[in-house]
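start_19.txt follows (compact mmCIF, C-alpha atoms and all ligand atoms):
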```
# COMPACT_ATOMS: atom_id res chain seq x y z
CA MET A 1 66.69 75.84 104.08
CA ARG A 2 67.67 75.45 100.49
CA PHE A 3 70.26 76.78 98.07
CA GLU A 4 69.89 76.70 94.31
CA ALA A 5 72.63 77.97 92.00
CA LYS A 6 71.17 79.48 88.82
CA ALA A 7 74.17 80.78 86.89
CA ARG A 8 77.87 80.34 87.36
CA ASN A 9 80.85 82.32 86.19
CA CYS A 10 84.57 82.27 87.09
CA ASN A 11 84.90 80.81 90.62
CA THR A 12 81.45 81.87 91.75
CA ARG A 13 77.73 81.62 91.08
CA THR A 14 74.47 83.42 91.56
CA GLY A 15 71.32 81.78 92.79
CA GLU A 16 68.72 81.70 95.48
CA ILE A 17 68.70 80.69 99.11
CA GLU A 18 65.74 80.13 101.32
CA ILE A 19 66.18 81.02 104.98
CA ASN A 20 63.26 80.51 107.35
CA GLY A 21 60.88 80.45 104.38
CA LYS A 22 62.27 83.70 102.93
CA LYS A 23 63.89 83.63 99.49
CA CYS A 24 66.99 85.75 98.87
CA SER A 25 69.50 86.10 96.06
CA ILE A 26 73.13 85.00 96.28
CA PRO A 27 75.62 86.68 96.47
CA ASN A 28 74.14 88.87 99.15
CA ILE A 29 74.91 91.18 102.03
CA LEU A 30 73.82 90.74 105.64
CA TRP A 31 72.89 94.33 106.46
CA TYR A 32 73.54 95.16 110.09
CA ALA A 33 70.32 96.23 111.81
CA SER A 34 69.97 97.84 115.24
CA ALA A 35 68.02 100.69 116.82
CA ARG A 36 70.93 103.09 116.21
CA ILE A 37 71.95 101.83 112.78
CA PRO A 38 68.89 100.95 110.71
CA PRO A 39 69.30 98.68 107.68
CA PRO A 40 68.73 100.18 104.21
CA PRO A 41 65.18 99.83 102.80
CA PHE A 42 66.40 97.35 100.16
CA ALA A 43 67.97 94.95 102.73
CA GLU A 44 66.95 91.35 102.01
CA LEU A 45 68.89 89.84 104.90
CA LYS A 46 69.28 91.69 108.17
CA LEU A 47 72.09 90.88 110.55
CA GLY A 48 70.53 91.09 113.98
CA GLU A 49 67.01 90.24 112.75
CA GLU A 50 66.68 87.31 110.28
CA ILE A 51 70.17 86.25 111.23
CA GLY A 52 70.99 86.90 114.85
CA GLY A 53 74.29 87.62 116.48
CA GLY A 54 75.25 84.69 118.68
CA GLY A 55 77.04 86.90 121.18
CA THR A 56 80.73 86.70 121.92
CA PHE A 57 82.77 83.67 122.80
CA PHE A 58 82.70 84.63 126.48
CA TYR A 59 79.04 85.70 126.47
CA PRO A 60 77.27 83.48 123.95
CA LYS A 61 73.57 84.12 123.27
CA GLU A 62 71.14 81.36 122.55
CA CYS A 63 69.02 81.64 119.43
CA LYS A 64 68.04 79.29 116.62
CA PHE A 65 69.35 81.08 113.56
CA CYS A 66 72.41 82.83 114.94
CA ILE A 67 75.99 83.26 113.94
CA PRO A 68 77.79 81.23 116.58
CA PRO A 69 80.74 82.71 118.46
CA SER A 70 84.08 81.05 117.98
CA LEU A 71 87.52 81.37 119.49
CA ILE A 72 89.81 82.51 116.70
CA TYR A 73 93.54 83.05 117.03
CA PRO A 74 95.69 84.93 114.51
CA HIS A 75 96.23 82.86 111.38
CA PHE A 76 100.01 82.55 111.84
CA PHE A 77 99.64 80.79 115.23
CA PRO A 78 100.70 77.10 115.25
CA ASP A 79 98.15 74.57 113.94
CA GLU A 80 97.78 72.87 117.37
CA VAL A 81 96.56 76.15 118.89
CA HIS A 82 93.90 76.48 116.17
CA GLN A 83 92.80 72.88 116.63
CA GLU A 84 92.47 73.48 120.40
CA ALA A 85 90.34 76.57 119.66
CA PHE A 86 88.18 74.44 117.37
CA GLU A 87 87.58 71.85 120.11
CA ILE A 88 86.37 74.65 122.40
CA SER A 89 84.30 76.45 119.72
CA ARG A 90 82.61 73.45 118.11
CA GLU A 91 79.90 73.18 120.78
CA TYR A 92 78.46 76.50 119.51
CA PHE A 93 78.31 75.40 115.86
CA ASN A 94 75.00 74.18 114.51
CA GLU A 95 73.34 72.87 111.35
CA PHE A 96 72.90 76.44 110.04
CA PHE A 97 76.29 77.97 110.80
CA SER A 98 79.79 76.86 111.61
CA THR A 99 83.13 78.60 111.37
CA VAL A 100 85.51 77.14 108.82
CA SER A 101 89.26 77.49 108.96
CA PRO A 102 91.91 75.74 106.88
CA LYS A 103 93.60 75.12 110.22
CA TRP A 104 90.88 73.07 111.85
CA ASP A 105 88.33 70.28 111.28
CA LYS A 106 84.94 70.90 109.73
CA ILE A 107 81.46 70.67 111.23
CA ASP A 108 78.81 70.25 108.50
CA SER A 109 76.43 73.20 108.22
CA PHE A 110 74.38 75.22 105.71
CA ILE A 111 76.52 78.37 105.78
CA TYR A 112 80.24 78.43 106.62
CA ILE A 113 81.80 81.49 108.23
CA MET A 114 85.34 82.16 107.13
CA ALA A 115 87.76 82.42 110.08
CA ASN A 116 90.39 85.20 109.99
CA ALA A 117 88.75 86.70 106.88
CA ARG A 118 90.01 90.22 107.55
CA GLU A 119 93.54 89.15 108.39
CA LEU A 120 93.79 86.85 105.36
CA PHE A 121 92.37 89.42 102.93
CA SER A 122 95.13 91.86 103.86
CA ASN A 123 97.66 89.54 102.20
CA PRO A 124 96.72 88.40 98.66
CA ARG A 125 98.74 85.16 98.73
CA ASN A 126 97.41 84.10 102.15
CA PHE A 127 93.91 85.01 101.04
CA VAL A 128 93.97 82.99 97.82
CA GLU A 129 95.73 79.97 99.36
CA ASN A 130 93.26 79.81 102.21
CA ILE A 131 90.15 80.37 100.10
CA VAL A 132 91.27 77.41 97.98
CA LYS A 133 91.87 75.28 101.10
CA ILE A 134 88.47 76.26 102.52
CA ARG A 135 86.71 75.44 99.25
CA GLU A 136 88.45 72.07 99.21
CA LYS A 137 86.93 71.44 102.66
CA ILE A 138 83.41 72.74 102.09
CA GLY A 139 82.95 72.07 98.36
CA TYR A 140 80.27 74.27 96.81
CA SER A 141 78.51 75.14 100.11
CA LEU A 142 77.74 78.75 101.03
CA LEU A 143 80.64 80.80 102.37
CA TYR A 144 80.29 83.99 104.42
CA ALA A 145 83.26 86.33 104.97
CA PRO A 146 82.50 88.66 107.88
CA GLY A 147 83.68 92.23 108.22
CA ILE A 148 85.60 92.75 104.97
CA ALA A 149 83.27 93.76 102.14
CA ASN A 150 82.84 97.27 100.79
CA PRO A 151 81.78 98.59 97.37
CA ILE A 152 85.36 98.55 96.07
CA ASN A 153 86.40 95.01 96.98
CA LEU A 154 83.02 93.29 96.56
CA PRO A 155 83.69 92.09 92.96
CA ILE A 156 87.07 90.48 93.75
CA LEU A 157 85.62 88.83 96.88
CA CYS A 158 82.78 87.40 94.80
CA TYR A 159 85.25 86.34 92.11
CA ALA A 160 87.17 84.39 94.78
CA GLY A 161 84.00 82.42 95.52
CA ILE A 162 82.58 84.09 98.63
CA ASP A 163 78.76 84.19 98.67
CA LEU A 164 77.77 86.24 101.70
CA PHE A 165 79.11 89.48 103.14
CA ASP A 166 78.02 92.04 105.71
CA SER A 167 77.87 95.82 106.00
CA LEU A 168 80.23 96.14 108.99
CA ASP A 169 83.26 97.48 107.11
CA VAL A 170 81.08 100.11 105.43
CA ILE A 171 79.68 101.19 108.82
CA ILE A 172 83.17 101.47 110.34
CA LYS A 173 84.45 103.48 107.38
CA THR A 174 81.37 105.70 107.35
CA ARG A 175 82.09 106.48 111.02
CA LYS A 176 85.52 107.66 109.83
CA GLY A 177 83.87 109.96 107.26
CA ILE A 178 84.60 107.85 104.17
CA TYR A 179 82.50 108.47 101.07
CA PHE A 180 82.50 105.46 98.72
CA THR A 181 82.26 105.32 94.98
CA SER A 182 82.51 101.93 93.30
CA GLU A 183 86.23 102.56 92.64
CA GLN A 184 87.55 104.79 95.41
CA GLU A 185 87.26 105.95 99.00
CA TYR A 186 87.18 109.72 99.57
CA LYS A 187 87.21 111.75 102.75
CA ILE A 188 83.80 113.38 102.81
CA GLU A 189 85.23 116.82 103.56
CA GLU A 190 87.47 116.65 100.48
CA ILE A 191 84.66 116.15 97.95
CA GLU A 192 83.41 119.27 96.20
CA ASP A 193 80.77 117.64 93.96
CA TYR A 194 79.23 114.29 94.82
CA PRO A 195 79.66 111.91 91.86
CA CYS A 196 76.30 110.31 92.63
CA SER A 197 72.66 111.22 92.20
CA CYS A 198 71.11 109.24 95.05
CA LYS A 199 68.66 111.27 97.11
CA HIS A 200 71.20 111.80 99.91
CA CYS A 201 73.84 113.23 97.57
CA THR A 202 71.24 115.29 95.69
CA LYS A 203 70.07 117.08 98.82
CA GLY A 204 73.60 117.26 100.25
CA ILE A 205 75.11 114.85 102.77
CA ASP A 206 74.52 115.99 106.31
CA GLY A 207 75.87 113.68 108.97
CA PHE A 208 76.51 109.98 109.52
CA SER A 209 73.12 108.68 108.52
CA ASP A 210 73.12 110.41 105.08
CA LEU A 211 76.65 109.25 104.39
CA LEU A 212 75.83 105.69 105.47
CA MET A 213 72.76 105.53 103.22
CA HIS A 214 74.78 106.84 100.25
CA ASN A 215 77.50 104.23 100.94
CA TYR A 216 74.83 101.52 101.26
CA ASN A 217 73.40 102.57 97.88
CA VAL A 218 76.82 102.25 96.25
CA MET A 219 77.29 98.84 97.87
CA GLN A 220 73.87 97.62 96.73
CA ASN A 221 74.45 98.88 93.16
CA GLU A 222 77.71 96.99 93.10
CA LEU A 223 76.03 93.82 94.37
CA ILE A 224 73.32 93.97 91.70
CA LYS A 225 75.94 94.68 89.04
CA ILE A 226 77.93 91.61 90.14
CA ARG A 227 74.89 89.33 89.97
CA GLU A 228 74.15 90.57 86.44
CA LEU A 229 77.78 90.15 85.38
CA ILE A 230 77.75 86.56 86.66
CA LYS A 231 74.59 85.88 84.64
CA LYS A 232 76.18 87.46 81.55
CA GLY A 233 79.51 85.66 82.07
CA MET A 234 81.44 88.93 82.35
CA LEU A 235 82.67 88.98 85.98
CA ARG A 236 86.29 88.35 85.01
CA GLU A 237 86.39 91.45 82.79
CA TYR A 238 84.96 93.53 85.62
CA VAL A 239 87.43 92.35 88.27
CA GLU A 240 90.30 92.89 85.83
CA ALA A 241 89.06 96.45 85.26
CA LYS A 242 88.76 97.07 89.00
CA SER A 243 92.24 95.71 89.65
CA HIS A 244 93.57 99.03 88.30
CA PHE A 245 92.32 100.68 91.47
CA ASN A 246 94.02 98.35 93.95
CA ALA A 247 97.26 96.43 93.45
CA ASN A 248 96.12 93.70 95.87
CA PHE A 249 93.17 92.87 93.60
CA ALA A 250 95.57 92.44 90.67
CA SER A 251 97.73 90.17 92.85
CA ILE A 252 94.71 88.05 93.77
CA ILE A 253 93.83 87.52 90.09
CA ARG A 254 97.44 86.73 89.21
CA ILE A 255 97.98 84.32 92.13
CA PHE A 256 94.76 82.46 91.29
CA ASP A 257 95.89 82.18 87.65
CA SER A 258 99.52 81.28 88.26
CA SER A 259 99.26 78.99 91.31
CA PHE A 260 95.71 77.63 91.30
CA TYR A 261 94.95 76.84 87.67
CA ASN A 262 93.48 73.41 88.50
CA PHE A 263 91.15 74.89 91.13
CA GLN A 264 89.91 77.53 88.70
CA GLU A 265 89.82 75.28 85.64
CA LYS A 266 87.18 73.10 87.32
CA ARG A 267 85.04 76.17 87.94
CA TYR A 268 85.43 78.11 84.69
CA ALA A 269 82.73 77.17 82.19
CA ILE A 270 83.71 75.60 78.87
CA VAL A 271 81.52 78.03 76.95
CA GLY A 272 80.84 81.67 77.70
CA ALA A 273 80.40 85.24 76.62
CA ASN A 274 82.80 87.24 74.48
CA ILE A 275 86.15 87.65 76.27
CA ILE A 276 87.50 91.19 76.26
CA ALA A 277 91.17 90.28 76.54
CA SER A 278 93.66 92.33 78.54
CA PRO A 279 97.27 91.71 79.61
CA TYR A 280 95.81 89.61 82.49
CA SER A 281 94.03 87.32 80.05
CA LEU A 282 97.12 85.40 78.94
CA ASN A 283 96.75 83.09 81.95
CA ARG A 284 92.98 83.21 82.29
CA PRO A 285 91.90 79.61 82.96
CA ASP A 286 89.57 79.27 79.94
CA ILE A 287 92.26 80.66 77.64
CA ARG A 288 95.04 78.53 79.12
CA ARG A 289 92.73 75.49 78.89
CA PHE A 290 92.30 76.14 75.15
CA ARG A 291 96.08 76.36 74.64
CA GLU A 292 96.72 73.19 76.65
CA ARG A 293 94.01 71.23 74.88
CA ILE A 294 95.38 72.22 71.46
CA ILE A 295 98.78 70.83 72.49
CA GLU A 296 97.57 67.77 74.41
CA ARG A 297 94.40 66.66 72.65
CA TYR A 298 94.41 68.04 69.12
CA SER A 299 96.15 66.33 66.23
CA LYS A 300 96.43 67.81 62.77
CA PRO A 301 94.63 66.21 59.81
CA ARG A 302 96.82 63.38 58.51
CA CYS A 303 96.64 64.52 54.88
CA THR A 304 98.30 67.89 55.60
CA LYS A 305 101.96 68.34 54.70
CA ILE A 306 102.44 72.12 54.70
CA LEU A 307 101.99 74.32 57.79
CA LEU A 308 100.59 77.73 56.87
CA LEU A 309 100.67 80.26 59.72
CA LEU A 310 98.17 83.09 59.32
CA PRO A 311 97.63 86.24 61.38
CA CYS A 312 94.41 86.59 63.37
CA SER A 313 91.69 89.06 62.48
CA ALA A 314 89.58 91.43 64.52
CA LYS A 315 86.41 89.81 63.21
CA LYS A 316 85.56 86.35 64.57
CA PRO A 317 85.35 83.67 63.38
CA TYR A 318 88.47 84.53 61.42
CA SER A 319 87.11 83.11 58.16
CA ALA A 320 84.35 85.76 58.16
CA SER A 321 86.94 88.56 58.01
CA LYS A 322 88.01 90.28 54.79
CA SER A 323 91.68 89.30 55.23
CA HIS A 324 90.88 85.62 55.73
CA GLN A 325 88.52 85.61 52.77
CA LEU A 326 91.46 86.87 50.68
CA PHE A 327 93.73 84.16 52.17
CA ASN A 328 91.08 81.60 51.35
CA ARG A 329 90.86 82.80 47.74
CA ALA A 330 94.64 82.51 47.39
CA ILE A 331 94.72 79.04 48.97
CA SER A 332 91.81 77.75 46.91
CA VAL A 333 93.69 78.24 43.61
CA THR A 334 96.51 75.92 44.72
CA SER A 335 96.51 72.52 43.05
CA ASN A 336 95.93 70.58 46.31
CA ARG A 337 94.63 72.61 49.25
CA GLN A 338 94.12 69.44 51.32
CA VAL A 339 97.84 69.33 52.06
CA ILE A 340 97.81 72.82 53.60
CA HIS A 341 97.34 72.97 57.37
CA GLU A 342 96.07 76.44 58.25
CA VAL A 343 96.88 77.66 61.76
CA ILE A 344 96.06 81.13 63.03
CA VAL A 345 98.63 82.80 65.28
CA THR A 346 96.97 84.98 67.89
CA SER A 347 97.20 86.36 71.38
CA PRO A 348 96.15 85.33 73.99
CA LEU A 349 95.05 81.97 72.51
CA GLY A 350 98.33 81.09 70.83
CA LEU A 351 97.65 78.76 67.89
CA VAL A 352 94.19 78.13 66.51
CA PRO A 353 93.94 75.41 63.83
CA ARG A 354 91.42 76.48 61.17
CA GLU A 355 88.99 73.66 62.03
CA MET A 356 88.87 74.86 65.68
CA GLU A 357 88.04 78.48 64.91
CA TYR A 358 84.35 78.15 65.84
CA THR A 359 84.98 76.63 69.29
CA TYR A 360 85.01 78.61 72.56
CA PRO A 361 86.90 80.86 73.09
CA ALA A 362 88.46 81.01 69.58
CA ALA A 363 85.42 82.73 68.10
CA HIS A 364 84.68 84.67 71.28
CA TYR A 365 87.39 87.15 72.13
CA ASP A 366 88.42 90.70 71.38
CA ILE A 367 91.85 92.12 72.03
CA SER A 368 93.45 95.45 71.30
CA THR A 369 95.96 94.91 68.47
CA ILE A 370 98.52 97.53 67.59
CA GLY A 371 100.96 95.32 65.69
CA TYR A 372 103.22 94.87 68.71
CA TRP A 373 103.56 91.72 70.82
CA ASP A 374 104.98 91.99 74.31
CA ARG A 375 107.61 89.61 75.73
CA GLU A 376 105.09 87.32 77.49
CA GLU A 377 103.07 86.94 74.30
CA VAL A 378 106.16 86.19 72.19
CA GLU A 379 107.35 83.64 74.77
CA MET A 380 103.92 81.99 74.85
CA ILE A 381 103.77 81.69 71.03
CA ASN A 382 107.36 80.39 70.79
CA LYS A 383 106.72 77.77 73.46
CA MET A 384 103.50 76.67 71.84
CA LEU A 385 105.02 76.49 68.35
CA LYS A 386 107.82 74.28 69.66
CA LYS A 387 105.33 71.88 71.25
CA TYR A 388 102.86 71.95 68.36
ZN ZN B 401 74.90 109.17 96.71
```

Whole structure given in structure tokens:
Amino acid sequence: MRFEAKARNCNTRTGEIEINGKKCSIPNILWYASARIPPPPFAELKLGEEIGGGGTFFYPKECKFCIPPSLIYPHFFPDEVHQEAFEISREYFNEFFSTVSPKWDKIDSFIYIMANARELFSNPRNFVENIVKIREKIGYSLLYAPGIANPINLPILCYAGIDLFDSLDVIIKTRKGIYFTSEQEYKIEEIEDYPCSCKHCTKGIDGFSDLLMHNYNVMQNELIKIRELIKKGMLREYVEAKSHFNANFASIIRIFDSSFYNFQEKRYAIVGANIIASPYSLNRPDIRRFRERIIERYSKPRCTKILLLLPCSAKKPYSASKSHQLFNRAISVTSNRQVIHEVIVTSPLGLVPREMEYTYPAAHYDISTIGYWDREEVEMINKMLKKY
């Protein structure tokens, strides 16, 4: 068994794992497979075939590559109870799989199964705090969150750093007659026109199996989209966009940014694609890192005596824009331009000294500008100017 990360973005990565000689991409979905519920034709990993079910805690099954049963109590139970459960469960863990909980010790394995995933995901703060604790325990190993993924939440789960998911939530919701798009759940009987052109929607959905295959298609499209976004360095923009469809997703982004900057800062790359800035971007780790480094590490050229604050421009780098070329012309006719320290005032980066305008992300962001700064932006600029 082997895992190779090929591209990373935000708190996650994409890559390849090899299980029993079979190569599969990461992130990926373990598609449930049984006689009654067949896996989709595109399934790379089948739950129940390549990866077996290890039975329940009371009736464990023996097999080599199986998800082991474990005794899991609700997350809010006292730590001693969880540790007791760990002592009982650990005999089922193996070199391939073990269950990881922030509340108990760790047994080294290839893939870690997140305990209480469903319960934790229902509360954004608990979810983020515990994902961070789990990552601190298992480092960059593979993490599987059972029973929570669907086409809507898949991007935010990947963003949080989970690598493997399963199709169980989609099956349960399909049984309840839920039709998924990548943004919303609909009751199948309430849809007049299917917003999808898969073969099941084209011919008309008739029964559980058609609906399941449509939902699987949406899930798979989302998975492929996420892998591509990771490779292109655009996952953050996508999860920000999807946060408009679920307030919990927005909370997860904001809690990560506000309370776990150090965790994220280690994972966010120091170069990347163009940032499409939104109101969430003010505390994005790569943007906050730029602001902090300007204050902590940068010092102005010693010859400069006059601070000249300039507005930003839509075109980057700023000096390539028409307005900055005009500024430059005006500055160049002064008797001693060496004493002028040019600093560009911008949101969400704050202050960008002219000599830093080519560095990431100063030359790599776009933001909607309408000539109005909101309170957070004004506060950020004021704070930064005072420290500068
Ligand atoms: Zn469809």

Worksheet item: Mind listing the residues within 12 Å of ligand ZN 401 (chain B), only C-alpha atoms and all ligand atoms counted, as an MDAnalysis selection string?
Response: chainID A and resid 179:182 188 193:206 209:221

Take the residues just selected and output them with C-alpha atoms as a PDB file, in the coordinates of the input.
```pdb
ATOM      1  CA  TYR A 179      82.500 108.470 101.070  1.00  0.00           C
ATOM      2  CA  PHE A 180      82.500 105.460  98.720  1.00  0.00           C
ATOM      3  CA  THR A 181      82.260 105.320  94.980  1.00  0.00           C
ATOM      4  CA  SER A 182      82.510 101.930  93.300  1.00  0.00           C
ATOM      5  CA  ILE A 188      83.800 113.380 102.810  1.00  0.00           C
ATOM      6  CA  ASP A 193      80.770 117.640  93.960  1.00  0.00           C
ATOM      7  CA  TYR A 194      79.230 114.290  94.820  1.00  0.00           C
ATOM      8  CA  PRO A 195      79.660 111.910  91.860  1.00  0.00           C
ATOM      9  CA  CYS A 196      76.300 110.310  92.630  1.00  0.00           C
ATOM     10  CA  SER A 197      72.660 111.220  92.200  1.00  0.00           C
ATOM     11  CA  CYS A 198      71.110 109.240  95.050  1.00  0.00           C
ATOM     12  CA  LYS A 199      68.660 111.270  97.110  1.00  0.00           C
ATOM     13  CA  HIS A 200      71.200 111.800  99.910  1.00  0.00           C
ATOM     14  CA  CYS A 201      73.840 113.230  97.570  1.00  0.00           C
ATOM     15  CA  THR A 202      71.240 115.290  95.690  1.00  0.00           C
ATOM     16  CA  LYS A 203      70.070 117.080  98.820  1.00  0.00           C
ATOM     17  CA  GLY A 204      73.600 117.260 100.250  1.00  0.00           C
ATOM     18  CA  ILE A 205      75.110 114.850 102.770  1.00  0.00           C
ATOM     19  CA  ASP A 206      74.520 115.990 106.310  1.00  0.00           C
ATOM     20  CA  SER A 209      73.120 108.680 108.520  1.00  0.00           C
ATOM     21  CA  ASP A 210      73.120 110.410 105.080  1.00  0.00           C
ATOM     22  CA  LEU A 211      76.650 109.250 104.390  1.00  0.00           C
ATOM     23  CA  LEU A 212      75.830 105.690 105.470  1.00  0.00           C
ATOM     24  CA  MET A 213      72.760 105.530 103.220  1.00  0.00           C
ATOM     25  CA  HIS A 214      74.780 106.840 100.250  1.00  0.00           C
ATOM     26  CA  ASN A 215      77.500 104.230 100.940  1.00  0.00           C
ATOM     27  CA  TYR A 216      74.830 101.520 101.260  1.00  0.00           C
ATOM     28  CA  ASN A 217      73.400 102.570  97.880  1.00  0.00           C
ATOM     29  CA  VAL A 218      76.820 102.250  96.250  1.00  0.00           C
ATOM     30  CA  MET A 219      77.290  98.840  97.870  1.00  0.00           C
ATOM     31  CA  GLN A 220      73.870  97.620  96.730  1.00  0.00           C
ATOM     32  CA  ASN A 221      74.450  98.880  93.160  1.00  0.00           C
TER      33      ASN A 221
END
```

Near Ile26 in chain A, within 6 Å and counting only C-alpha atoms, which residues show up once chain neighbours fewer than 5 positions away are dropped, as an mmCIF file with C-alpha atoms, in the frame of the given file?
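The result, written out as selection06.cif:
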```
data_model
loop_
_atom_site.group_PDB
_atom_site.id
_atom_site.type_symbol
_atom_site.label_atom_id
_atom_site.label_comp_id
_atom_site.auth_asym_id
_atom_site.auth_seq_id
_atom_site.Cartn_x
_atom_site.Cartn_y
_atom_site.Cartn_z
ATOM 1 C CA THR A 14 74.470 83.420 91.560
ATOM 2 C CA GLY A 15 71.320 81.780 92.790
ATOM 3 C CA GLU A 16 68.720 81.700 95.480
#
```

Discussion item. Give me the residues near Ile17 in chain A as a VMD selection string, where near means some atom within 12 Å (using only C-alpha atoms) and where sequence neighbours in that chain fewer than 2 positions away do not count.
Written reply: chain A and resid 1 to 6 14 to 15 19 to 28 44 to 45 110 to 111 141 to 142 163 to 164

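Across A:Ser259, A:Ser167, A:Thr346, A:Asn153, the tightest approach to Ile226 in chain A is made by A:Asn153 when counting only C-alpha atoms.
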
Can I get the residues of range 182-268 of chain A within 12 Å of range 287-297 of chain A, each with the closest pair of atoms and their distance in Å to one decimal, using only C-alpha atoms, sorted chain first then ascending number, as a Markdown table?
```
| residue | atom | partner | partner_atom | distance |
| --- | --- | --- | --- | --- |
| A:Asp257 | CA | A:Arg288 | CA | 9.3 |
| A:Ser258 | CA | A:Arg288 | CA | 10.5 |
| A:Tyr261 | CA | A:Arg288 | CA | 8.7 |
| A:Asn262 | CA | A:Arg289 | CA | 9.9 |
| A:Gln264 | CA | A:Arg289 | CA | 10.4 |
| A:Glu265 | CA | A:Arg289 | CA | 7.4 |
| A:Lys266 | CA | A:Arg289 | CA | 10.4 |
| A:Arg267 | CA | A:Arg289 | CA | 11.9 |
| A:Tyr268 | CA | A:Arg289 | CA | 9.7 |
```

Saved selection, atoms kept: C-alpha atoms, as a JSON list (two decimals), keeping the file's coordinate frame:
```json
[["chain", "number", "residue", "atom", "x", "y", "z"],
["A", 257, "ASP", "CA", 95.89, 82.18, 87.65],
["A", 258, "SER", "CA", 99.52, 81.28, 88.26],
["A", 261, "TYR", "CA", 94.95, 76.84, 87.67],
["A", 262, "ASN", "CA", 93.48, 73.41, 88.50],
["A", 264, "GLN", "CA", 89.91, 77.53, 88.70],
["A", 265, "GLU", "CA", 89.82, 75.28, 85.64],
["A", 266, "LYS", "CA", 87.18, 73.10, 87.32],
["A", 267, "ARG", "CA", 85.04, 76.17, 87.94],
["A", 268, "TYR", "CA", 85.43, 78.11, 84.69]]
```

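Take CA of Asp374 in chain A and CA of Ile156 in chain A: the distance between them is 26.5 Å.
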
Worksheet entry | Close residues, Asn246 in chain A itself excluded, 10 Å, only C-alpha atoms, min 6 positions apart in chain, as a VMD selection string | chain A and resid 152 to 153 183 to 184

Discussion item. As a PyMOL selection string, please: the residues near Gln83 in chain A (cut-off 12 Å, all atoms listed in the file, same-chain neighbours under 6 positions excluded).
Written reply: chain A and resi 71-73+75+77+89-90+100-106

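Taking CA of Glu355 in chain A and CA of Lys387 in chain A as endpoints, the distance between them is 18.8 Å.
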
Practice prompt. Would you be able to write out as an MDAnalysis selection string which residues have an atom within 12 Å of (87.9, 73.4, 106.5) in the file's coordinates, counting all atoms listed in the file?
Written response: chainID A and resid 82:83 86 98:109 112:115 130:139 141 143

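Between CA of Ser70 in chain A and CA of Thr56 in chain A there is a distance of 7.7 Å.
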
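Closest approach to Arg337 in chain A among A:Ser319, A:Ser278, A:Thr304, A:Asn94 is made by A:Thr304 (distances from all atoms listed in the file).
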
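If all atoms listed in the file are the atoms counted, then among A:Ala363, A:Leu229, A:Ala160, A:Val170 the closest residue to Ser321 in chain A is A:Ala363.
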
Item to complete: Find the residues around Glu49 in chain A up to 10 Å (only C-alpha atoms counted), leave out those fewer than 6 positions away in its own chain, and share them as a ChimeraX atom specification.
Response: /A:30-34,65-66

If you take every atom of range 217-234 of chain A that the file lists and fit an axis-aligned box around them with 4 Å extra on each side, what centre and edge lengths come out in Å to one decimal, as lines of an AutoDock Vina configuration file?
```
center_x = 77.4
center_y = 94.1
center_z = 89.7
size_x = 16.1
size_y = 24.9
size_z = 24.3
```

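In this comparison, which uses all atoms listed in the file, the residue of A:Glu50, A:Asp166, A:Pro74, A:Glu228 approaching Ala7 in chain A most closely is A:Glu228.
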
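Between Ala320 in chain A and the residues A:Tyr159, A:Tyr358, A:Pro69, A:Lys231, the shortest atom-to-atom distance, using all atoms listed in the file, involves A:Tyr358.
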
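Shortest separation to Pro151 in chain A among A:Glu222, A:Glu379, A:Asp366, A:Glu119 occurs at residue A:Glu222, atoms counted being only C-alpha atoms.
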
For the structure just given, write the atoms of range 126-154 of chain A, namely C-alpha atoms, as an mmCIF file, in the first residue's frame.
```cif
data_model
loop_
_atom_site.group_PDB
_atom_site.id
_atom_site.type_symbol
_atom_site.label_atom_id
_atom_site.label_comp_id
_atom_site.auth_asym_id
_atom_site.auth_seq_id
_atom_site.Cartn_x
_atom_site.Cartn_y
_atom_site.Cartn_z
ATOM 1 C CA ASN A 126 -16.984 20.830 17.121
ATOM 2 C CA PHE A 127 -16.209 19.643 13.611
ATOM 3 C CA VAL A 128 -13.357 22.081 12.979
ATOM 4 C CA GLU A 129 -11.839 21.711 16.467
ATOM 5 C CA ASN A 130 -11.837 17.941 16.213
ATOM 6 C CA ILE A 131 -10.552 17.761 12.646
ATOM 7 C CA VAL A 132 -7.609 19.895 13.780
ATOM 8 C CA LYS A 133 -7.020 17.638 16.817
ATOM 9 C CA ILE A 134 -7.205 14.524 14.631
ATOM 10 C CA ARG A 135 -4.771 15.975 12.092
ATOM 11 C CA GLU A 136 -2.396 16.814 14.930
ATOM 12 C CA LYS A 137 -2.510 13.119 15.897
ATOM 13 C CA ILE A 138 -2.262 11.521 12.462
ATOM 14 C CA GLY A 139 -0.242 14.140 10.548
ATOM 15 C CA TYR A 140 -0.733 13.897 6.791
ATOM 16 C CA SER A 141 -2.027 10.275 6.790
ATOM 17 C CA LEU A 142 -5.245 9.353 4.990
ATOM 18 C CA LEU A 143 -8.484 10.202 6.772
ATOM 19 C CA TYR A 144 -11.865 8.607 6.045
ATOM 20 C CA ALA A 145 -15.105 10.155 7.345
ATOM 21 C CA PRO A 146 -17.885 7.567 7.166
ATOM 22 C CA GLY A 147 -21.536 8.277 6.483
ATOM 23 C CA ILE A 148 -21.520 12.052 5.964
ATOM 24 C CA ALA A 149 -20.654 12.945 2.371
ATOM 25 C CA ASN A 150 -23.113 14.014 -0.294
ATOM 26 C CA PRO A 151 -22.741 16.158 -3.428
ATOM 27 C CA ILE A 152 -23.470 19.364 -1.502
ATOM 28 C CA ASN A 153 -21.040 19.023 1.396
ATOM 29 C CA LEU A 154 -18.241 17.169 -0.419
#
```
